[in-house]
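Visitor: Before I ask anything, let me first share the structure, which is written out below as structure tokens.
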Amino acid sequence: MRGRPPWRLLRTERGRLTALYGSLLLLAGGGLVALVYVLVGQGLYASVSGAVRTVSPAYVAQSPGPVPGRTLAPGCPCEPAKALPPGQAPSAEQLRSYAYTQNLSDAVTDATRHRLLVYSLLALAVFAVLSIWLAWWMAGRVLRPVGVITETARRLSGENLDERISLDAPPGELKQLADTFDAMLGRMEQLVSAQRRFAANAAHELRTPLAVQRAAAEIGLAGDPSPEKVARIRAKLIGVADSSEHLIESLLLLAVSEQGLESTGPVDLAALAAAELAACPQEGLTVVRTLAPLTVPGDRTLLGHLLRNLLINAVRHNRADGRISVSTSAEGELTVSNTGPVIDPADVPGLLEPFRRRAERLHTAGEGAGLGLSIVASIARAHGAELAARANPAPEGGLTVRVRFPLTDEARTS
């Protein structure tokens, strides 16, 4: 609290909590002091008067009623020690004794009440100072995790996203907030790492065809090449250009799908799957289709790319005389499965990331850029669908990809 004016402290959360806690403690202390003062004052005169008359008994006539402002408890020793017979007047000495007892009781009662009030107010003032200090300390303890989170967030940058709060505190809302912040940092670290890998892989994939084109132009066309060699180099350059164009189109499609959907409409996924199957080359492969009626909300063009990439992946990574299974269900599931090489289940999650392949790239014709399944995953996320991929066991091998779309009320009814 040093170094800041009091009114400036109320602009901070700690200052406001201190004011709140201090006010509540002060109200509780003031209420307790007032209650004690009232309760003690209620029976104070009766207690003092009884004690005085015990020491100095008085002979007085019966009082016609209670004395105003004084409460006599039943059975208290406030009654005369000896009652005079009816009709007999008290003597002067008895009247002086009674007056002395009354005056002494009044004086002791007033002095005790005054002393009780003074001490109560002093105790309340000390309690107020202690309450403010205790409220300031308590607010600091409560807000310490928030300060740790703020300091950690201030230190974070792209270079130290591995830092965590790791708050050591008992279970509660602030502990849950710190753990949630740590989990968010973990997701951010994964996203930043994936973005860096994506940028590096994209640069590598785009640099490779440029290097091939440069080598073909400088070496293949050096000197006075024959027409046959020129035709061969020309075909090579066209193939590399086609590969680069396909890579760029895939990157653009991936970027578009990551931005979400601008407009949606009902898409007959079963009919779309049948059309993509008819357009996909399937030489030597057995195709098993189970296309139940399925209509999902989404973008028809992006869903077409999703199906096309799944089918191309199933054909490209299959084996001779292999099998492709395509199915849709009324529960909103699209499943594409293929036979092929046996895949380690631990490698399956990596296949959904950009530029990740099961084997090293050989830069051969029709090999692909390694973006097919990552585009499928991105389009599925854009449609709010859940994608699950699993490796098929031996001896069939291959991969099964299942996409579960959220269904509209209309689709559920039909």
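Residues in the structure tokens are named by chain (A, B, ... in the order shown) and by number from 1 within that chain; ligands are numbered from 1 in the order shown.
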Could you pull the residues within 12 Å of Leu20 (chain A), counting only C-alpha atoms, minus those fewer than 3 positions along the same chain, as a PDB file with N, CA, C and O atoms, in the first residue's frame?
Guide:
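Once everything was written out, this is part21.pdb:
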```
ATOM      1  N   LEU A  10      -8.219   2.051  -4.867  1.00  0.00           N
ATOM      2  CA  LEU A  10      -9.549   1.552  -5.208  1.00  0.00           C
ATOM      3  C   LEU A  10      -9.697   1.270  -6.697  1.00  0.00           C
ATOM      4  O   LEU A  10     -10.699   0.701  -7.112  1.00  0.00           O
ATOM      5  N   GLU A  13      -7.975  -4.254  -8.295  1.00  0.00           N
ATOM      6  CA  GLU A  13      -8.811  -5.311  -7.749  1.00  0.00           C
ATOM      7  C   GLU A  13      -8.476  -5.584  -6.281  1.00  0.00           C
ATOM      8  O   GLU A  13      -9.356  -5.831  -5.459  1.00  0.00           O
ATOM      9  N   ARG A  14      -7.188  -5.500  -5.941  1.00  0.00           N
ATOM     10  CA  ARG A  14      -6.801  -5.739  -4.551  1.00  0.00           C
ATOM     11  C   ARG A  14      -7.364  -4.659  -3.632  1.00  0.00           C
ATOM     12  O   ARG A  14      -7.809  -4.948  -2.516  1.00  0.00           O
ATOM     13  N   GLY A  15      -7.341  -3.393  -4.101  1.00  0.00           N
ATOM     14  CA  GLY A  15      -7.899  -2.329  -3.300  1.00  0.00           C
ATOM     15  C   GLY A  15      -9.400  -2.474  -3.103  1.00  0.00           C
ATOM     16  O   GLY A  15      -9.926  -2.250  -1.999  1.00  0.00           O
ATOM     17  N   ARG A  16     -10.103  -2.859  -4.180  1.00  0.00           N
ATOM     18  CA  ARG A  16     -11.557  -3.040  -4.051  1.00  0.00           C
ATOM     19  C   ARG A  16     -11.892  -4.219  -3.146  1.00  0.00           C
ATOM     20  O   ARG A  16     -12.836  -4.154  -2.346  1.00  0.00           O
ATOM     21  N   LEU A  17     -11.141  -5.317  -3.275  1.00  0.00           N
ATOM     22  CA  LEU A  17     -11.377  -6.445  -2.370  1.00  0.00           C
ATOM     23  C   LEU A  17     -11.047  -6.077  -0.928  1.00  0.00           C
ATOM     24  O   LEU A  17     -11.736  -6.516   0.008  1.00  0.00           O
ATOM     25  N   SER A  23     -14.755  -3.650   5.072  1.00  0.00           N
ATOM     26  CA  SER A  23     -16.088  -3.180   5.460  1.00  0.00           C
ATOM     27  C   SER A  23     -16.895  -4.282   6.114  1.00  0.00           C
ATOM     28  O   SER A  23     -17.579  -4.049   7.130  1.00  0.00           O
ATOM     29  N   LEU A  24     -16.819  -5.477   5.553  1.00  0.00           N
ATOM     30  CA  LEU A  24     -17.569  -6.580   6.150  1.00  0.00           C
ATOM     31  C   LEU A  24     -17.052  -6.911   7.556  1.00  0.00           C
ATOM     32  O   LEU A  24     -17.845  -7.125   8.491  1.00  0.00           O
ATOM     33  N   LEU A  25     -15.723  -6.949   7.729  1.00  0.00           N
ATOM     34  CA  LEU A  25     -15.172  -7.226   9.055  1.00  0.00           C
ATOM     35  C   LEU A  25     -15.511  -6.117  10.044  1.00  0.00           C
ATOM     36  O   LEU A  25     -15.816  -6.381  11.215  1.00  0.00           O
ATOM     37  N   LEU A  26     -15.455  -4.852   9.574  1.00  0.00           N
ATOM     38  CA  LEU A  26     -15.775  -3.737  10.453  1.00  0.00           C
ATOM     39  C   LEU A  26     -17.250  -3.755  10.858  1.00  0.00           C
ATOM     40  O   LEU A  26     -17.592  -3.481  12.014  1.00  0.00           O
ATOM     41  N   LEU A  27     -18.122  -4.067   9.912  1.00  0.00           N
ATOM     42  CA  LEU A  27     -19.540  -4.177  10.243  1.00  0.00           C
ATOM     43  C   LEU A  27     -19.783  -5.294  11.250  1.00  0.00           C
ATOM     44  O   LEU A  27     -20.577  -5.148  12.193  1.00  0.00           O
ATOM     45  N   SER A 131      -8.521  -5.021  10.716  1.00  0.00           N
ATOM     46  CA  SER A 131      -9.365  -5.558   9.643  1.00  0.00           C
ATOM     47  C   SER A 131      -8.857  -5.124   8.279  1.00  0.00           C
ATOM     48  O   SER A 131      -8.827  -5.910   7.325  1.00  0.00           O
ATOM     49  N   ILE A 132      -8.461  -3.834   8.173  1.00  0.00           N
ATOM     50  CA  ILE A 132      -7.949  -3.346   6.887  1.00  0.00           C
ATOM     51  C   ILE A 132      -6.664  -4.072   6.514  1.00  0.00           C
ATOM     52  O   ILE A 132      -6.472  -4.501   5.362  1.00  0.00           O
ATOM     53  N   LEU A 134      -5.680  -7.036   7.586  1.00  0.00           N
ATOM     54  CA  LEU A 134      -6.013  -8.427   7.306  1.00  0.00           C
ATOM     55  C   LEU A 134      -6.700  -8.565   5.960  1.00  0.00           C
ATOM     56  O   LEU A 134      -6.436  -9.512   5.200  1.00  0.00           O
ATOM     57  N   ALA A 135      -7.585  -7.608   5.608  1.00  0.00           N
ATOM     58  CA  ALA A 135      -8.263  -7.650   4.308  1.00  0.00           C
ATOM     59  C   ALA A 135      -7.265  -7.453   3.166  1.00  0.00           C
ATOM     60  O   ALA A 135      -7.360  -8.107   2.124  1.00  0.00           O
ATOM     61  N   TRP A 136      -6.285  -6.547   3.357  1.00  0.00           N
ATOM     62  CA  TRP A 136      -5.250  -6.335   2.329  1.00  0.00           C
ATOM     63  C   TRP A 136      -4.419  -7.602   2.126  1.00  0.00           C
ATOM     64  O   TRP A 136      -4.141  -8.001   0.998  1.00  0.00           O
ATOM     65  N   MET A 138      -5.356 -10.697   2.883  1.00  0.00           N
ATOM     66  CA  MET A 138      -6.222 -11.740   2.337  1.00  0.00           C
ATOM     67  C   MET A 138      -6.461 -11.538   0.840  1.00  0.00           C
ATOM     68  O   MET A 138      -6.428 -12.486   0.061  1.00  0.00           O
ATOM     69  N   ALA A 139      -6.684 -10.277   0.431  1.00  0.00           N
ATOM     70  CA  ALA A 139      -6.881  -9.994  -0.995  1.00  0.00           C
ATOM     71  C   ALA A 139      -5.634 -10.333  -1.796  1.00  0.00           C
ATOM     72  O   ALA A 139      -5.716 -10.846  -2.916  1.00  0.00           O
TER      73      ALA A 139
END
```
Visitor: Contacts of region 327-330 of chain A at 8 Å or less, counting only C-alpha atoms, minus same-chain residues fewer than 4 places along, as a ChimeraX atom specification?
Guide: /A:269-270,289-294,334-336
Visitor: For Glu331 (chain A), find every residue with an atom within 9 Å (counting only C-alpha atoms), except residues of its own chain fewer than 3 positions away, and show them as a list in words.
Guide: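 The contact residues come out as Leu294, Thr328, Arg404, Phe405, Pro406, Leu407 and Arg412 of chain A.
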Visitor: Extract, using only C-alpha atoms, all DNA, RNA and protein residues at most 8 Å from Leu285 (chain A), discarding same-chain residues fewer than 4 positions from it, and format them as a PDB file with N, CA and C atoms, in the first residue's frame.
Guide:
```
ATOM      1  N   ALA A 320      -2.090 -53.916 -55.657  1.00  0.00           N
ATOM      2  CA  ALA A 320      -2.722 -54.582 -56.802  1.00  0.00           C
ATOM      3  C   ALA A 320      -3.787 -55.559 -56.310  1.00  0.00           C
ATOM      4  N   ASP A 321      -4.919 -55.538 -57.004  1.00  0.00           N
ATOM      5  CA  ASP A 321      -6.061 -56.392 -56.645  1.00  0.00           C
ATOM      6  C   ASP A 321      -6.558 -56.070 -55.233  1.00  0.00           C
ATOM      7  N   GLY A 322      -6.418 -54.811 -54.849  1.00  0.00           N
ATOM      8  CA  GLY A 322      -6.877 -54.390 -53.523  1.00  0.00           C
ATOM      9  C   GLY A 322      -8.359 -54.035 -53.521  1.00  0.00           C
ATOM     10  N   ARG A 323      -8.785 -53.416 -52.429  1.00  0.00           N
ATOM     11  CA  ARG A 323     -10.205 -53.131 -52.253  1.00  0.00           C
ATOM     12  C   ARG A 323     -10.382 -51.725 -51.672  1.00  0.00           C
ATOM     13  N   ILE A 324     -11.458 -51.090 -52.110  1.00  0.00           N
ATOM     14  CA  ILE A 324     -11.870 -49.790 -51.564  1.00  0.00           C
ATOM     15  C   ILE A 324     -13.317 -49.917 -51.114  1.00  0.00           C
TER      16      ILE A 324
END
```
Visitor: Could you check how far CA of Ala389 (chain A) sits from CA of Thr339 (chain A), in Å to one decimal?
Guide: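 The value is 13.7 Å.
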